[in-house]
file query32.txt (compact mmCIF, C-alpha atoms)
# COMPACT_ATOMS: atom_id res chain seq x y z
CA MET I 1 90.84 139.04 111.80
CA PRO I 2 91.49 139.03 115.54
CA ASN I 3 92.06 142.31 117.33
CA ILE I 4 93.42 140.97 120.60
CA LYS I 5 97.15 140.29 120.77
CA SER I 6 96.79 136.77 122.19
CA ALA I 7 94.25 135.86 119.50
CA LYS I 8 96.66 137.06 116.79
CA LYS I 9 99.36 134.88 118.30
CA ARG I 10 97.01 131.87 118.38
CA THR I 11 96.22 132.24 114.67
CA LYS I 12 99.94 132.23 113.89
CA ILE I 13 100.51 129.15 116.03
CA ILE I 14 97.53 127.34 114.50
CA ALA I 15 98.82 128.08 111.00
CA ALA I 16 102.27 126.75 111.89
CA LYS I 17 100.87 123.57 113.46
CA THR I 18 98.55 123.00 110.51
CA LEU I 19 101.49 123.24 108.12
CA LYS I 20 103.55 120.85 110.23
CA ASN I 21 100.69 118.33 110.34
CA GLN I 22 100.19 118.60 106.58
CA MET I 23 103.88 117.94 106.01
CA PHE I 24 103.77 114.91 108.30
CA LYS I 25 100.65 113.54 106.57
CA THR I 26 102.29 113.94 103.16
CA ALA I 27 105.42 112.13 104.34
CA LEU I 28 103.24 109.37 105.80
CA LYS I 29 101.38 108.92 102.52
CA THR I 30 104.66 108.80 100.60
CA THR I 31 106.05 106.14 102.96
CA ILE I 32 102.88 104.06 102.56
CA LYS I 33 103.08 104.34 98.77
CA LYS I 34 106.71 103.21 98.83
CA TYR I 35 105.73 100.18 100.91
CA GLU I 36 102.85 99.34 98.56
CA ALA I 37 105.21 99.59 95.59
CA ALA I 38 107.69 97.26 97.29
CA VAL I 39 104.90 94.74 97.92
CA VAL I 40 103.76 94.87 94.29
CA SER I 41 107.29 94.58 92.90
CA ASN I 42 108.02 91.72 95.38
CA ASP I 43 111.42 93.25 96.15
CA LYS I 44 112.41 91.34 99.30
CA ALA I 45 115.45 93.49 100.13
CA ASN I 46 113.46 96.73 100.00
CA LEU I 47 110.30 95.21 101.49
CA GLU I 48 111.59 94.82 105.05
CA LYS I 49 113.01 98.36 105.18
CA THR I 50 109.86 99.98 103.81
CA TYR I 51 107.67 97.87 106.13
CA LYS I 52 109.57 99.06 109.20
CA ASP I 53 109.47 102.68 108.02
CA ALA I 54 105.73 102.53 107.34
CA VAL I 55 104.92 101.01 110.73
CA LYS I 56 107.13 103.55 112.49
CA LYS I 57 105.47 106.48 110.69
CA ILE I 58 102.00 105.12 111.48
CA ASP I 59 102.90 104.81 115.17
CA LYS I 60 104.23 108.37 115.26
CA ALA I 61 101.11 109.68 113.52
CA ALA I 62 98.89 107.92 116.06
CA ALA I 63 100.96 109.29 118.95
CA ARG I 64 100.67 112.84 117.58
CA GLY I 65 96.93 112.47 117.05
CA ILE I 66 97.18 112.91 113.28
CA VAL I 67 95.70 109.45 112.73
CA HIS I 68 93.22 107.75 115.07
CA LYS I 69 94.76 104.92 117.10
CA ASN I 70 92.29 102.35 115.74
CA LYS I 71 93.08 103.36 112.17
CA ALA I 72 96.78 103.04 112.94
CA ALA I 73 96.26 99.55 114.35
CA ARG I 74 94.18 98.56 111.31
CA LYS I 75 96.81 99.86 108.88
CA LYS I 76 99.63 98.08 110.72
CA SER I 77 97.63 94.87 110.62
CA GLN I 78 97.07 95.24 106.87
CA PHE I 79 100.76 95.92 106.34
CA ALA I 80 101.75 92.86 108.39
CA LYS I 81 99.37 90.68 106.38
CA LYS I 82 100.87 91.86 103.08
CA TYR I 83 104.39 91.55 104.46
CA ASN I 84 103.84 87.95 105.59
CA ALA I 85 102.18 87.03 102.30
CA ALA I 86 105.16 88.43 100.37
CA GLN I 87 107.62 86.40 102.47
call {"tool": "encode", "arguments": {"input": "query32.txt", "output": "C-alpha cells"}}
result
Amino acid sequence: MPNIKSAKKRTKIIAAKTLKNQMFKTALKTTIKKYEAAVVSNDKANLEKTYKDAVKKIDKAAARGIVHKNKAARKKSQFAKKYNAAQ
C-alpha cells in the first residue's frame, strides 16, 4: 500500500479507470456478439443497425486506446465483408 498521499490518489484513479475500461470492453463484446447473431440469423432489418453500432464502438475503442488501431481496422474490414455478403 502506498504511504504518500499522491500515490494513494493514483491508486484510486487507476482503479476507477480500469473499471471504466472493463465496462467499455464488455459493452464492445456484447455489441459484436449482437452483430454476429444478426449475420447468422440473416435478419436484414437488424443487420444494418447492429453493423453501424459495432463499427462505431470499435472506432471509439480505438480512439480511447482500448483496442489497437490496426485491430480496429481489421475488425471493421471483417464486419464489412460479412455485411456485404449478407446483402
call {"tool": "closest_residue", "arguments": {"input": "query32.txt", "among": "I:Lys25, I:Lys57, I:Asp43, I:Asn70", "to": "I:Tyr83", "atoms": "all atoms listed in the file"}}
result
I:Asp43
call {"tool": "closest_residue", "arguments": {"input": "query32.txt", "among": "I:Ala72, I:Ala61, I:Tyr51, I:Phe24", "to": "I:Ala37", "atoms": "only C-alpha atoms"}}
result
I:Tyr51
call {"tool": "closest_residue", "arguments": {"input": "query32.txt", "among": "I:Ala7, I:Ile58, I:Ala86, I:Ile32", "to": "I:Arg74", "atoms": "only C-alpha atoms"}}
result
I:Ile58
call {"tool": "closest_residue", "arguments": {"input": "query32.txt", "among": "I:Lys76, I:Gln87, I:Glu48, I:Arg10", "to": "I:Ala62", "atoms": "all atoms listed in the file"}}
result
I:Lys76
call {"tool": "axis_aligned_box", "arguments": {"input": "query32.txt", "around": "stretch 22-28 of chain I", "padding_each_side": "4 Å", "output": "lines of an AutoDock Vina configuration file"}}
result
center_x = 102.8
center_y = 114.0
center_z = 105.7
size_x = 13.2
size_y = 17.2
size_z = 13.1
call {"tool": "build_atoms", "arguments": {"input": "query32.txt", "residues": "stretch 16-37 of chain I", "atoms": "N, CA and C atoms", "output": "mmCIF file, keeping the file's coordinate frame"}}
result
data_model
loop_
_atom_site.group_PDB
_atom_site.id
_atom_site.type_symbol
_atom_site.label_atom_id
_atom_site.label_comp_id
_atom_site.auth_asym_id
_atom_site.auth_seq_id
_atom_site.Cartn_x
_atom_site.Cartn_y
_atom_site.Cartn_z
ATOM 1 N N ALA I 16 101.008 127.478 111.870
ATOM 2 C CA ALA I 16 102.270 126.750 111.890
ATOM 3 C C ALA I 16 102.043 125.265 112.164
ATOM 4 N N LYS I 17 101.159 124.977 113.126
ATOM 5 C CA LYS I 17 100.870 123.570 113.460
ATOM 6 C C LYS I 17 100.149 122.864 112.327
ATOM 7 N N THR I 18 99.263 123.574 111.645
ATOM 8 C CA THR I 18 98.550 123.000 110.510
ATOM 9 C C THR I 18 99.529 122.622 109.409
ATOM 10 N N LEU I 19 100.473 123.507 109.132
ATOM 11 C CA LEU I 19 101.490 123.240 108.120
ATOM 12 C C LEU I 19 102.337 122.034 108.493
ATOM 13 N N LYS I 20 102.730 121.964 109.760
ATOM 14 C CA LYS I 20 103.550 120.850 110.230
ATOM 15 C C LYS I 20 102.790 119.525 110.102
ATOM 16 N N ASN I 21 101.503 119.531 110.466
ATOM 17 C CA ASN I 21 100.690 118.330 110.340
ATOM 18 C C ASN I 21 100.513 117.923 108.885
ATOM 19 N N GLN I 22 100.328 118.886 108.005
ATOM 20 C CA GLN I 22 100.190 118.600 106.580
ATOM 21 C C GLN I 22 101.466 117.967 106.036
ATOM 22 N N MET I 23 102.602 118.494 106.453
ATOM 23 C CA MET I 23 103.880 117.940 106.010
ATOM 24 C C MET I 23 104.045 116.505 106.500
ATOM 25 N N PHE I 24 103.651 116.257 107.740
ATOM 26 C CA PHE I 24 103.770 114.910 108.300
ATOM 27 C C PHE I 24 102.841 113.941 107.573
ATOM 28 N N LYS I 25 101.607 114.383 107.290
ATOM 29 C CA LYS I 25 100.650 113.540 106.570
ATOM 30 C C LYS I 25 101.165 113.188 105.177
ATOM 31 N N THR I 26 101.752 114.166 104.503
ATOM 32 C CA THR I 26 102.290 113.940 103.160
ATOM 33 C C THR I 26 103.424 112.930 103.209
ATOM 34 N N ALA I 27 104.309 113.074 104.193
ATOM 35 C CA ALA I 27 105.420 112.130 104.340
ATOM 36 C C ALA I 27 104.898 110.731 104.657
ATOM 37 N N LEU I 28 103.849 110.657 105.460
ATOM 38 C CA LEU I 28 103.240 109.370 105.800
ATOM 39 C C LEU I 28 102.674 108.699 104.559
ATOM 40 N N LYS I 29 101.956 109.460 103.747
ATOM 41 C CA LYS I 29 101.380 108.920 102.520
ATOM 42 C C LYS I 29 102.460 108.432 101.565
ATOM 43 N N THR I 30 103.554 109.182 101.474
ATOM 44 C CA THR I 30 104.660 108.800 100.600
ATOM 45 C C THR I 30 105.285 107.494 101.079
ATOM 46 N N THR I 31 105.473 107.356 102.394
ATOM 47 C CA THR I 31 106.050 106.140 102.960
ATOM 48 C C THR I 31 105.145 104.943 102.686
ATOM 49 N N ILE I 32 103.841 105.146 102.822
ATOM 50 C CA ILE I 32 102.880 104.060 102.560
ATOM 51 C C ILE I 32 102.925 103.658 101.094
ATOM 52 N N LYS I 33 103.006 104.641 100.204
ATOM 53 C CA LYS I 33 103.080 104.340 98.770
ATOM 54 C C LYS I 33 104.343 103.567 98.420
ATOM 55 N N LYS I 34 105.459 103.926 99.064
ATOM 56 C CA LYS I 34 106.710 103.210 98.830
ATOM 57 C C LYS I 34 106.588 101.757 99.280
ATOM 58 N N TYR I 35 105.933 101.539 100.414
ATOM 59 C CA TYR I 35 105.730 100.180 100.910
ATOM 60 C C TYR I 35 104.840 99.385 99.948
ATOM 61 N N GLU I 36 103.751 100.003 99.504
ATOM 62 C CA GLU I 36 102.850 99.340 98.560
ATOM 63 C C GLU I 36 103.576 98.972 97.273
ATOM 64 N N ALA I 37 104.443 99.860 96.802
ATOM 65 C CA ALA I 37 105.210 99.590 95.590
ATOM 66 C C ALA I 37 106.173 98.427 95.795
#
